[in-house]
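Enquirer: Would you mind keeping the following structure in view while I ask a few things?
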Amino acid sequence: MIPYPSWLNSGDNTWQLVAATLVGLMSIPGIAILYGGLVQRKWIVNTMLMAFTAFAVVLVAWVLYEFQMSFGTPLHLGPGILHSAVGRPGTILGARAEIGQANIPLVSGAGLMPAFRFPQSSLAYFQFAFAAITPLLFLGSVIGRMNFRAWLLFVLLWSGIVYSVNAFLLWGGGWWAQMGALDYSGGYVIHLAAGTSGFVAAAVIGPRLARDRAKAVPNNLPMVACGAGFLWLGWNGFNGGDMYFGGQNASAAVLNTNLTTAVALLTWVLLDMFLSKQRKPTFLGAVNGMIVGLVAITPAAGFVTGTGAILIGLIASVVVWLSWNYFSKVGFMRKVDDALGVFHTHGVAGLLGGLLVGLFADPAMAIYYNKDGSVDSVAGLFHGHPKQLALQAGAAATIIVWDGLMTFLILRFLGLFMKLRMPDEVLETGDVAVHDEEGYPSEEGLVAVGVTGAPTPATAPVTGPVASGLPGGEPSRAPD
Amino acid sequence: MKLVTAVLPVAGFEQVHQALRTLGIPGVTVSTVFATGIQPPRYEVYRGVRRLVELRPAVRMDVVAADSDAADVLRVVLVAAAGHGGSVRVQPVDQVVRIRTRERGEAAL
């Protein structure tokens with residue numbers, strides 16, 4: 001007996017599964033607790049539940065039709081970009097789809113990369129983790145007011161209609177990939193998409209309560225630290241897995257990713273120390289700088305050298321710092337309630353990274369090797385290929401227009417059937433009104449009333465310390 | 001001097017605080033407390049077990065005012081908290097001393 005077919009390489013497959021898991025950890029718990037800690041105390045449960053449910057919704061849709069729409073055979077809808085903008089929907093539930101050799105018809109099947117050395121399920125799960133984190137990122141724009149039902153449907157529709165097109169165009173061998181536009185690991189497909197869609201969604205859904213906007217202080221900074229840490233180290237899988245082999249390019253991508261992140265974090269902290277109004281370093285500023293670095297290196301990770309990585313971190317952090325502190329104060333930017341500033345840290349940073357790869361991509365950074373020993377690599381403007389910058393700008397414009405327009409239309413469509421924003425009286429209360437749970441429940445004044453039993457009369461005097469499991473009440477029904 | 005104590009639902013605190021500031025009351029002591037009777041009890045459900053929360057988080061504000069101002073403070077609190085509920089009580093105060101300056105009585109307010 002042999003354990004696996006000859007096309008399978010256990011090293012590549014192991015790395016792909018580890019990388020996929022790292023990316024998954026960025027969502028669950030990474031984004032869930034990062035955003036859960038950043039929101040007001042009364043919205044922790046709602047925020048974390050929206051993150052967990054979106055993660056689940058995307059996986060089910062992914063295996064039923066989305067994976068094939070993002071990485072399958074093209075659906076020819078018309079001339080030009082329509083000829084290869086999206087794949088033909090289909091499931092990947094069968095045995096052959098799961099254990100057969102991975103294949104992206106327009107990429108690996110067309111000889112643009114070496115044949116995959118792992119099964120389709122590794123590719124599908126790895127790419128699912130990317131598809132899932134994108135709605136979780138723009139969750140940061142709409143927290144604190146979006147109707148939960150509308151969220152579930154929005155994620156389902158957005159993921160199928162918007163994300164699959166983004167992914168197919170740049171990674172599935174679609175039109176922009178054929179033109180030569182580069183997105184190493186999702187600066188456009190994920191972060192520019194999240195920034196654009198989040199901003200449009202925040203505008204369409206409407207703002208949080210004015211009082212909540214004025215008092216939007218984070219509830220738990222240590223939880224933010226944990227979430228941010230999951231993001232940073234999780235990004236090793238995010239950028240390290242995207243060339244699909246545990247080779248030299250993955251190693252360079254991981255090192256570059258951390259390098260840019262370190263530079264961007266330090267740049268943001270220094271800007272806070274010397275140019276901000278209060279002249280003090282802030283922890284949440286450092287987290288912003290960290291995210292900006294991670295996002296900006298994403299489209300470039302294995303295409304640039306360490307020098308390029310440092311420059312990208314520096315440029316992106318300065319520009320996003322200015323955007324965060326000044327552009328956000330401009331009239332129309334104030335009007336749109338992008339709660340956690342996803343527009344800046346993901347939208348602006350993703351766009352910048354995508355454009356900078358058009359400058360810094362270095363042909364010496366080998367992605368794959370040809371049989372004759374020559375290397376397969378890409379070059380940007382500073383390495384004699386000015387057209388790359390134009391391609392990067394074109395792809396960015398496509399993503400911005402498509403994602404912005406479709407987000408608007410999907411939400412307007414859902415708005416015909418349901419309220420996108422919760423009513424004000426629910427927003428006043430927060431988690432308890434929406435879920436009957438709160439982030440930090442207090443034991444004071446708590447009376448177990450049994451699963452079906454009649455509630456204790458509200459007028460009953462409260463005697464002594466009251467905790468769960470009073471006589472008469474159901475003790476704990478918890479199954480553990 | 002009078003001690004005006006208001007126990008308010010969390011949602012009503014902001015307006016009352018703002019109104020008192022507008023009135024020019026210099027000092028107020030605020031504490032987070034648990035109270036019954038201010039808001040209807042609510043239910044929370046954890047892992048399938050439904051629980052009645054009788055003691056709800058509330059905000060307690062203590063303001064010491066000169067005898068001549070106490071009625072105004074009371075009126076402002078009543079107007080500002082009108083939409084939210086809660087209760088206000090007024091008690092006499094024997095003495096107030098400002099520790100740093102040793103001023104006593106209304107001069108210490």
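Naming scheme: A, B, ... for chains in displayed order of the structure tokens; residues 1 onward per chain; ligands 1 onward as shown.
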Give me the residues within 6 Å of Ala181 (chain A) as a PyMOL selection string, counting only C-alpha atoms and dropping any in the same chain fewer than 4 places off.
Expert: chain A and resi 176-177+391-392
Enquirer: For the residues in that selection, give me N, CA and C atoms as an mmCIF file, in the first residue's frame.
Expert:
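So part-v6.cif came out as:
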data_model
loop_
_atom_site.group_PDB
_atom_site.id
_atom_site.type_symbol
_atom_site.label_atom_id
_atom_site.label_comp_id
_atom_site.auth_asym_id
_atom_site.auth_seq_id
_atom_site.Cartn_x
_atom_site.Cartn_y
_atom_site.Cartn_z
ATOM 1 N N TRP A 176 -8.174 40.048 -15.432
ATOM 2 C CA TRP A 176 -7.063 40.857 -14.931
ATOM 3 C C TRP A 176 -5.805 40.023 -14.718
ATOM 4 N N ALA A 177 -5.971 38.749 -14.349
ATOM 5 C CA ALA A 177 -4.804 37.877 -14.221
ATOM 6 C C ALA A 177 -4.162 37.681 -15.598
ATOM 7 N N LEU A 391 -1.442 48.458 -14.871
ATOM 8 C CA LEU A 391 -2.262 47.256 -14.651
ATOM 9 C C LEU A 391 -2.812 47.241 -13.227
ATOM 10 N N GLN A 392 -1.937 47.601 -12.274
ATOM 11 C CA GLN A 392 -2.368 47.603 -10.873
ATOM 12 C C GLN A 392 -3.490 48.611 -10.648
#
Enquirer: According to DSSP computed on the backbone, where in chain B is there strand (DSSP E)? Give the residues as a VMD selection string.
Expert: chain B and resid 2 to 9 29 to 35 42 to 46 49 to 53 56 to 65 87 to 92
Enquirer: Those same residues, written as a PDB file, in the first residue's frame with C-alpha atoms?
Expert:
ATOM      1  CA  LYS B   2     -29.147  69.801  50.678  1.00  0.00           C
ATOM      2  CA  LEU B   3     -27.922  66.512  49.260  1.00  0.00           C
ATOM      3  CA  VAL B   4     -29.778  65.722  46.049  1.00  0.00           C
ATOM      4  CA  THR B   5     -29.420  62.039  45.126  1.00  0.00           C
ATOM      5  CA  ALA B   6     -30.736  60.811  41.803  1.00  0.00           C
ATOM      6  CA  VAL B   7     -30.789  57.119  40.861  1.00  0.00           C
ATOM      7  CA  LEU B   8     -31.241  56.884  37.110  1.00  0.00           C
ATOM      8  CA  PRO B   9     -31.243  54.261  34.386  1.00  0.00           C
ATOM      9  CA  THR B  29     -20.310  62.365  42.468  1.00  0.00           C
ATOM     10  CA  VAL B  30     -21.364  59.530  40.184  1.00  0.00           C
ATOM     11  CA  SER B  31     -21.402  55.840  41.010  1.00  0.00           C
ATOM     12  CA  THR B  32     -22.561  52.742  39.201  1.00  0.00           C
ATOM     13  CA  VAL B  33     -25.061  50.833  41.309  1.00  0.00           C
ATOM     14  CA  PHE B  34     -27.617  48.055  40.991  1.00  0.00           C
ATOM     15  CA  ALA B  35     -31.230  48.903  41.674  1.00  0.00           C
ATOM     16  CA  ARG B  42     -35.388  41.699  32.004  1.00  0.00           C
ATOM     17  CA  TYR B  43     -34.431  38.193  31.019  1.00  0.00           C
ATOM     18  CA  GLU B  44     -31.114  36.881  29.861  1.00  0.00           C
ATOM     19  CA  VAL B  45     -30.509  33.403  28.498  1.00  0.00           C
ATOM     20  CA  TYR B  46     -27.209  31.584  28.962  1.00  0.00           C
ATOM     21  CA  VAL B  49     -31.160  28.669  31.001  1.00  0.00           C
ATOM     22  CA  ARG B  50     -33.411  31.698  31.217  1.00  0.00           C
ATOM     23  CA  ARG B  51     -32.632  34.070  34.063  1.00  0.00           C
ATOM     24  CA  LEU B  52     -34.509  37.010  35.464  1.00  0.00           C
ATOM     25  CA  VAL B  53     -32.364  40.044  36.127  1.00  0.00           C
ATOM     26  CA  ARG B  56     -30.470  46.382  36.897  1.00  0.00           C
ATOM     27  CA  PRO B  57     -27.384  48.522  36.479  1.00  0.00           C
ATOM     28  CA  ALA B  58     -28.177  52.147  37.283  1.00  0.00           C
ATOM     29  CA  VAL B  59     -26.307  55.386  37.858  1.00  0.00           C
ATOM     30  CA  ARG B  60     -26.401  57.242  41.155  1.00  0.00           C
ATOM     31  CA  MET B  61     -25.600  60.957  41.173  1.00  0.00           C
ATOM     32  CA  ASP B  62     -25.002  62.904  44.367  1.00  0.00           C
ATOM     33  CA  VAL B  63     -25.053  66.685  44.261  1.00  0.00           C
ATOM     34  CA  VAL B  64     -24.674  68.925  47.304  1.00  0.00           C
ATOM     35  CA  ALA B  65     -26.389  72.256  46.717  1.00  0.00           C
ATOM     36  CA  SER B  87     -35.970  58.584  41.406  1.00  0.00           C
ATOM     37  CA  VAL B  88     -34.597  61.617  43.220  1.00  0.00           C
ATOM     38  CA  ARG B  89     -34.357  62.241  46.937  1.00  0.00           C
ATOM     39  CA  VAL B  90     -33.367  65.370  48.831  1.00  0.00           C
ATOM     40  CA  GLN B  91     -31.869  65.293  52.323  1.00  0.00           C
ATOM     41  CA  PRO B  92     -30.425  67.970  54.584  1.00  0.00           C
TER      42      PRO B  92
END
Enquirer: Write out as a ChimeraX atom specification the residues lying within 9 Å of Met48 (chain A), counting only C-alpha atoms and excluding same-chain residues fewer than 2 positions away.
Expert: /A:29,31-33,35-36,43-46,50-53
Enquirer: Would you mind exporting the chosen residues as a compact mmCIF listing (two decimals), in the first residue's frame, restricted to C-alpha atoms?
Expert:
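The result, written out as result-v3.txt:
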# COMPACT_ATOMS: atom_id res chain seq x y z
CA PRO A 29 -11.02 34.03 17.08
CA ILE A 31 -11.23 39.22 14.14
CA ALA A 32 -14.02 38.14 16.51
CA ILE A 33 -12.07 39.20 19.62
CA TYR A 35 -13.53 43.71 17.00
CA GLY A 36 -15.26 42.34 20.11
CA TRP A 43 -22.11 45.30 21.48
CA ILE A 44 -19.53 42.56 22.27
CA VAL A 45 -21.87 39.62 21.88
CA ASN A 46 -23.47 40.94 18.70
CA MET A 50 -21.79 38.17 13.55
CA ALA A 51 -18.18 37.11 13.02
CA PHE A 52 -18.75 33.44 13.89
CA THR A 53 -21.94 33.14 11.83
Enquirer: Residues near region 19-25 of chain A, anyone? I mean within 10 Å using only C-alpha atoms, not counting same-chain ones fewer than 4 positions away, as a count of residues only.
Expert: 34
Enquirer: If you count only C-alpha atoms, which residues fall within 8 Å of region 364-373 of chain A, apart from same-chain ones fewer than 2 positions away, as a ChimeraX atom specification?
Expert: /A:113-114,243,248-249,302-305,362,375-378
Enquirer: To test your reading of the structure, identify every residue in chain B that backbone DSSP assigns to helix (DSSP H, G or I), and report it as number ranges by chain.
Expert: B: 10-23, 67-80, 105-108
Enquirer: Residues near Thr267 (chain A), anyone? I mean within 9 Å using only C-alpha atoms, not counting same-chain ones fewer than 4 positions away, as an MDAnalysis selection string.
Expert: chainID A and resid 262:263 271:272 286 289 313:314 317:318
Enquirer: Can you measure CA of Pro299 (chain A) to CA of Tyr188 (chain A) for me? One decimal in Å is fine.
Expert: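 Interatomic distance here is 7.2 Å.
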